[in-house]
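One structure is given below, encoded as structure tokens.
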Amino acid sequence: MRLSTFVLAGLFSFSSICSLAFAQSYPDKPFTLLVGSAPGGSNDIFARAIAKPLQQALGQVVVVENKPAVGGILANSLLAKAPADGYTLAVVSSTFTTGAAIRNNLPYDAQKSFAPVIMMASGPLLITVGKHTPFKSLADLVNYAQKNPGKLNYGTSGVGSINQFATELLSDTAKVKFTHVPYKGMNPAVTDLIGGQIDLLVASAPSLLSQVKGDKIRAIAVTTSDRSPVVPDIPALKESGYEKGAVDLWWGILAPAGTPEPVLDKLHVAISQILVSAEMKAFFLKEGAVPVNKTRADFSRHIQDEISRWKVIAKTADIQPE
């Protein structure tokens, strides 16, 4: 028994020494940064923004590879199968958890197949209404919806999108009922909100802010608990008494499960230092987000908590993958 304990302790020490030695020589070859969407989306924009300074910080080329697929499934699958050596990473966002909440046949485990590296940024969703509606505040919207269940239509970029989950969470929190109108992307939904075909749209600041500033639609709240630096003049959910419906968009970086802890720590520190630069803060703000300072453990818990939360909403609202 003592011998077995001694052997196990020795193996553990040997493994730790190997991990440390690997981390000291790391990195010594190029990185691949996977993106599960086409060029031009927020994940792609953030990946390319972080790739250049990360390349400078670590002294190795960082190649961004787009692997478009619904919910980023292809990129996530490739990451899960990649060597756990810290050279293959992926940028993911809120859809990582909404997808995991409604898809039971994913070729990976959203909580076990990956090692969180860092949550890079978060931002609000804007709760907007068409100018054809009389609503000037979230209270106005909720009061009407309570008296007219299902009469108000809300648009989304598709079934299972973060837009749908955020709106259904608001609906559940406020005890009201909206009617879902899914679109193939955000642009047609915005067009129909302007045109009066739908009444309500909850989406990211970059998707809606120009239309709000152009007085084509009306922003009545943001989905964050507190006001956001992205749109400081727009009330937050806490001010309306619906803090339990708060939702933040977020973007982060994952590595394959089993990546050595010293390597993950090295990546986390390098990216953290990039995020606090004035240049990066200004960039994220322009893109509707602010840098986030979470530990890797905090990021891991955030992913777990969101998956659990969205599973409840998916069941309540009967949200199923297309």
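Labels for the structure tokens follow display order: chains A, B, ..., residues from 1 in each chain, ligands from 1.
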
Give me the residues within 6 Å of range 71-88 of chain A as number ranges by chain, counting only C-alpha atoms and dropping any in the same chain fewer than 4 places off. A: 31-32, 34, 36, 67, 113, 256, 258-259

Could you write out the selected residues, including N, CA, C and O atoms, as a PDB file, in the first residue's frame?
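The new file again_34.pdb reads:
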ATOM      1  N   PHE A  31       0.505  29.378 -33.507  1.00  0.00           N
ATOM      2  CA  PHE A  31      -0.805  29.095 -32.917  1.00  0.00           C
ATOM      3  C   PHE A  31      -1.877  29.070 -33.999  1.00  0.00           C
ATOM      4  O   PHE A  31      -1.782  29.755 -35.013  1.00  0.00           O
ATOM      5  N   THR A  32      -2.927  28.313 -33.733  1.00  0.00           N
ATOM      6  CA  THR A  32      -4.150  28.370 -34.543  1.00  0.00           C
ATOM      7  C   THR A  32      -5.272  28.842 -33.645  1.00  0.00           C
ATOM      8  O   THR A  32      -5.511  28.263 -32.580  1.00  0.00           O
ATOM      9  N   LEU A  34      -9.152  29.233 -33.724  1.00  0.00           N
ATOM     10  CA  LEU A  34     -10.348  28.844 -34.466  1.00  0.00           C
ATOM     11  C   LEU A  34     -11.504  29.794 -34.183  1.00  0.00           C
ATOM     12  O   LEU A  34     -11.683  30.260 -33.053  1.00  0.00           O
ATOM     13  N   GLY A  36     -15.729  29.911 -35.047  1.00  0.00           N
ATOM     14  CA  GLY A  36     -16.820  29.096 -35.564  1.00  0.00           C
ATOM     15  C   GLY A  36     -17.831  29.845 -36.400  1.00  0.00           C
ATOM     16  O   GLY A  36     -18.989  29.428 -36.496  1.00  0.00           O
ATOM     17  N   LYS A  67     -14.119  28.533 -39.306  1.00  0.00           N
ATOM     18  CA  LYS A  67     -14.775  27.258 -39.557  1.00  0.00           C
ATOM     19  C   LYS A  67     -16.273  27.436 -39.334  1.00  0.00           C
ATOM     20  O   LYS A  67     -16.836  27.011 -38.336  1.00  0.00           O
ATOM     21  N   SER A 113     -14.934  19.012 -22.350  1.00  0.00           N
ATOM     22  CA  SER A 113     -13.998  18.879 -23.472  1.00  0.00           C
ATOM     23  C   SER A 113     -13.044  20.055 -23.621  1.00  0.00           C
ATOM     24  O   SER A 113     -12.142  20.017 -24.465  1.00  0.00           O
ATOM     25  N   PRO A 256      -8.184  22.998 -25.512  1.00  0.00           N
ATOM     26  CA  PRO A 256      -8.649  21.619 -25.280  1.00  0.00           C
ATOM     27  C   PRO A 256      -8.476  21.221 -23.814  1.00  0.00           C
ATOM     28  O   PRO A 256      -7.552  21.666 -23.137  1.00  0.00           O
ATOM     29  N   GLY A 258      -7.280  19.211 -20.708  1.00  0.00           N
ATOM     30  CA  GLY A 258      -6.009  18.538 -20.500  1.00  0.00           C
ATOM     31  C   GLY A 258      -4.796  19.386 -20.812  1.00  0.00           C
ATOM     32  O   GLY A 258      -3.661  18.948 -20.594  1.00  0.00           O
ATOM     33  N   THR A 259      -5.014  20.581 -21.317  1.00  0.00           N
ATOM     34  CA  THR A 259      -3.887  21.489 -21.551  1.00  0.00           C
ATOM     35  C   THR A 259      -3.214  21.788 -20.209  1.00  0.00           C
ATOM     36  O   THR A 259      -3.896  22.080 -19.222  1.00  0.00           O
TER      37      THR A 259
END

If you run DSSP over the backbone, which residues in range 70-287 of chain A end up strand (DSSP E)? Put them as a PyMOL selection string. chain A and resi 88-93+114-130+153-156+179-182+200-204+217-222+248-256

From CA of Ala289 in chain A to CA of Ile162 in chain A the spacing works out at 15.7 Å

- Task: Skip Ala57 in chain A itself and residues of its chain fewer than 6 positions away, then list as a ChimeraX atom specification all residues within 10 Å of it, counting only C-alpha atoms.
- Result: /A:51,267,270-271,273-274

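Nearest to Tyr26 in chain A of all the residues A:Pro39, A:Asp44, A:Asp265, A:Ile303 is A:Asp265, based on only C-alpha atoms.
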
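When CA of Phe96 in chain A is paired with CA of Tyr154 in chain A, their separation reads 22.5 Å.
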
Contacts of Arg309 in chain A at 9 Å (only C-alpha atoms; same-chain gap of 5+ positions) as a PyMOL selection string: chain A and resi 101+304+314

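The shell of residues at most 6 Å from Ala121 in chain A, with only C-alpha atoms counted and near chain neighbours (fewer than 5 positions) removed, consists of A:Trp250, A:Trp251, A:Val290, A:Pro291, A:Val292.
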
For all heavy atoms, I'd like the residues from the last selection saved as a PDB file, in the first residue's frame.
ATOM      1  N   TRP A 250     -21.027  37.731 -24.048  1.00  0.00           N
ATOM      2  CA  TRP A 250     -19.626  37.591 -23.674  1.00  0.00           C
ATOM      3  C   TRP A 250     -18.851  36.879 -24.768  1.00  0.00           C
ATOM      4  O   TRP A 250     -19.411  36.190 -25.614  1.00  0.00           O
ATOM      5  CB  TRP A 250     -19.483  36.840 -22.341  1.00  0.00           C
ATOM      6  CG  TRP A 250     -20.068  35.452 -22.316  1.00  0.00           C
ATOM      7  CD1 TRP A 250     -21.305  35.089 -21.869  1.00  0.00           C
ATOM      8  CD2 TRP A 250     -19.439  34.239 -22.777  1.00  0.00           C
ATOM      9  NE1 TRP A 250     -21.486  33.741 -22.012  1.00  0.00           N
ATOM     10  CE2 TRP A 250     -20.360  33.191 -22.552  1.00  0.00           C
ATOM     11  CE3 TRP A 250     -18.198  33.939 -23.333  1.00  0.00           C
ATOM     12  CZ2 TRP A 250     -20.079  31.865 -22.899  1.00  0.00           C
ATOM     13  CZ3 TRP A 250     -17.903  32.628 -23.672  1.00  0.00           C
ATOM     14  CH2 TRP A 250     -18.846  31.606 -23.448  1.00  0.00           C
ATOM     15  N   TRP A 251     -17.548  37.100 -24.743  1.00  0.00           N
ATOM     16  CA  TRP A 251     -16.631  36.473 -25.682  1.00  0.00           C
ATOM     17  C   TRP A 251     -15.428  35.953 -24.902  1.00  0.00           C
ATOM     18  O   TRP A 251     -14.934  36.628 -23.979  1.00  0.00           O
ATOM     19  CB  TRP A 251     -16.150  37.471 -26.730  1.00  0.00           C
ATOM     20  CG  TRP A 251     -17.243  37.972 -27.607  1.00  0.00           C
ATOM     21  CD1 TRP A 251     -17.599  37.516 -28.842  1.00  0.00           C
ATOM     22  CD2 TRP A 251     -18.148  39.062 -27.329  1.00  0.00           C
ATOM     23  NE1 TRP A 251     -18.662  38.236 -29.344  1.00  0.00           N
ATOM     24  CE2 TRP A 251     -19.017  39.188 -28.430  1.00  0.00           C
ATOM     25  CE3 TRP A 251     -18.292  39.935 -26.244  1.00  0.00           C
ATOM     26  CZ2 TRP A 251     -20.015  40.159 -28.484  1.00  0.00           C
ATOM     27  CZ3 TRP A 251     -19.291  40.890 -26.297  1.00  0.00           C
ATOM     28  CH2 TRP A 251     -20.141  40.998 -27.408  1.00  0.00           C
ATOM     29  N   VAL A 290     -16.895  45.639 -23.237  1.00  0.00           N
ATOM     30  CA  VAL A 290     -15.813  46.111 -22.368  1.00  0.00           C
ATOM     31  C   VAL A 290     -14.988  44.902 -21.942  1.00  0.00           C
ATOM     32  O   VAL A 290     -15.524  43.802 -21.786  1.00  0.00           O
ATOM     33  CB  VAL A 290     -16.351  46.843 -21.116  1.00  0.00           C
ATOM     34  CG1 VAL A 290     -17.024  48.147 -21.499  1.00  0.00           C
ATOM     35  CG2 VAL A 290     -17.320  45.953 -20.339  1.00  0.00           C
ATOM     36  N   PRO A 291     -13.661  45.068 -21.783  1.00  0.00           N
ATOM     37  CA  PRO A 291     -12.833  43.945 -21.325  1.00  0.00           C
ATOM     38  C   PRO A 291     -13.294  43.437 -19.966  1.00  0.00           C
ATOM     39  O   PRO A 291     -13.802  44.200 -19.144  1.00  0.00           O
ATOM     40  CB  PRO A 291     -11.431  44.553 -21.239  1.00  0.00           C
ATOM     41  CG  PRO A 291     -11.464  45.722 -22.160  1.00  0.00           C
ATOM     42  CD  PRO A 291     -12.856  46.268 -22.063  1.00  0.00           C
ATOM     43  N   VAL A 292     -13.108  42.136 -19.740  1.00  0.00           N
ATOM     44  CA  VAL A 292     -13.540  41.507 -18.494  1.00  0.00           C
ATOM     45  C   VAL A 292     -12.331  40.929 -17.767  1.00  0.00           C
ATOM     46  O   VAL A 292     -11.458  40.322 -18.390  1.00  0.00           O
ATOM     47  CB  VAL A 292     -14.550  40.368 -18.779  1.00  0.00           C
ATOM     48  CG1 VAL A 292     -14.884  39.612 -17.503  1.00  0.00           C
ATOM     49  CG2 VAL A 292     -15.816  40.940 -19.391  1.00  0.00           C
TER      50      VAL A 292
END

Could you pull out the alpha helix (DSSP H) residues of range 76-191 of chain A, going by DSSP on the backbone, and write them as a ChimeraX atom specification? /A:76-81,95-102,138-147,162-174,186-191

Can those selected residues be exported to a file as an mmCIF file, in the first residue's frame so that it contains C-alpha atoms?
data_model
loop_
_atom_site.group_PDB
_atom_site.id
_atom_site.type_symbol
_atom_site.label_atom_id
_atom_site.label_comp_id
_atom_site.auth_asym_id
_atom_site.auth_seq_id
_atom_site.Cartn_x
_atom_site.Cartn_y
_atom_site.Cartn_z
ATOM 1 C CA ASN A 76 -15.623 23.531 -31.213
ATOM 2 C CA SER A 77 -15.349 19.940 -32.438
ATOM 3 C CA LEU A 78 -11.935 20.588 -33.972
ATOM 4 C CA LEU A 79 -10.767 22.192 -30.748
ATOM 5 C CA ALA A 80 -11.995 19.278 -28.637
ATOM 6 C CA LYS A 81 -9.977 16.858 -30.817
ATOM 7 C CA THR A 95 -23.934 31.071 -28.278
ATOM 8 C CA PHE A 96 -21.544 28.438 -26.949
ATOM 9 C CA THR A 97 -23.768 28.028 -23.885
ATOM 10 C CA THR A 98 -27.147 28.500 -25.591
ATOM 11 C CA GLY A 99 -26.194 25.810 -28.103
ATOM 12 C CA ALA A 100 -25.124 23.437 -25.347
ATOM 13 C CA ALA A 101 -28.442 24.025 -23.583
ATOM 14 C CA ILE A 102 -30.611 22.842 -26.478
ATOM 15 C CA LEU A 138 -39.652 48.868 -20.195
ATOM 16 C CA ALA A 139 -42.493 49.423 -17.718
ATOM 17 C CA ASP A 140 -44.716 50.585 -20.596
ATOM 18 C CA LEU A 141 -43.855 47.474 -22.585
ATOM 19 C CA VAL A 142 -44.461 45.080 -19.688
ATOM 20 C CA ASN A 143 -47.735 46.730 -18.651
ATOM 21 C CA TYR A 144 -49.099 46.377 -22.182
ATOM 22 C CA ALA A 145 -47.857 42.793 -22.539
ATOM 23 C CA GLN A 146 -49.463 41.783 -19.252
ATOM 24 C CA LYS A 147 -52.833 42.991 -20.511
ATOM 25 C CA ILE A 162 -29.026 34.442 -27.761
ATOM 26 C CA ASN A 163 -31.644 36.990 -28.900
ATOM 27 C CA GLN A 164 -34.403 34.430 -28.342
ATOM 28 C CA PHE A 165 -33.021 33.246 -25.019
ATOM 29 C CA ALA A 166 -32.622 36.800 -23.695
ATOM 30 C CA THR A 167 -36.155 37.775 -24.751
ATOM 31 C CA GLU A 168 -37.691 34.618 -23.302
ATOM 32 C CA LEU A 169 -35.802 35.208 -20.052
ATOM 33 C CA LEU A 170 -37.241 38.727 -19.912
ATOM 34 C CA SER A 171 -40.673 37.301 -20.670
ATOM 35 C CA ASP A 172 -40.332 34.748 -17.868
ATOM 36 C CA THR A 173 -39.019 37.333 -15.390
ATOM 37 C CA ALA A 174 -41.770 39.862 -16.146
ATOM 38 C CA MET A 186 -30.262 39.978 -37.750
ATOM 39 C CA ASN A 187 -30.501 42.371 -40.711
ATOM 40 C CA PRO A 188 -34.004 41.320 -41.859
ATOM 41 C CA ALA A 189 -35.229 41.458 -38.254
ATOM 42 C CA VAL A 190 -33.968 45.039 -37.883
ATOM 43 C CA THR A 191 -35.585 45.967 -41.205
#

**Prompt:** Near Leu33 in chain A, within 8 Å and counting only C-alpha atoms, which residues show up once chain neighbours fewer than 6 positions away are dropped, as a VMD selection string?
**Reply:** chain A and resid 47 51 62 to 65 88 to 91

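The interatomic distance for the pair CA of Ser228 in chain A and CA of Leu200 in chain A works out to 20.4 Å.
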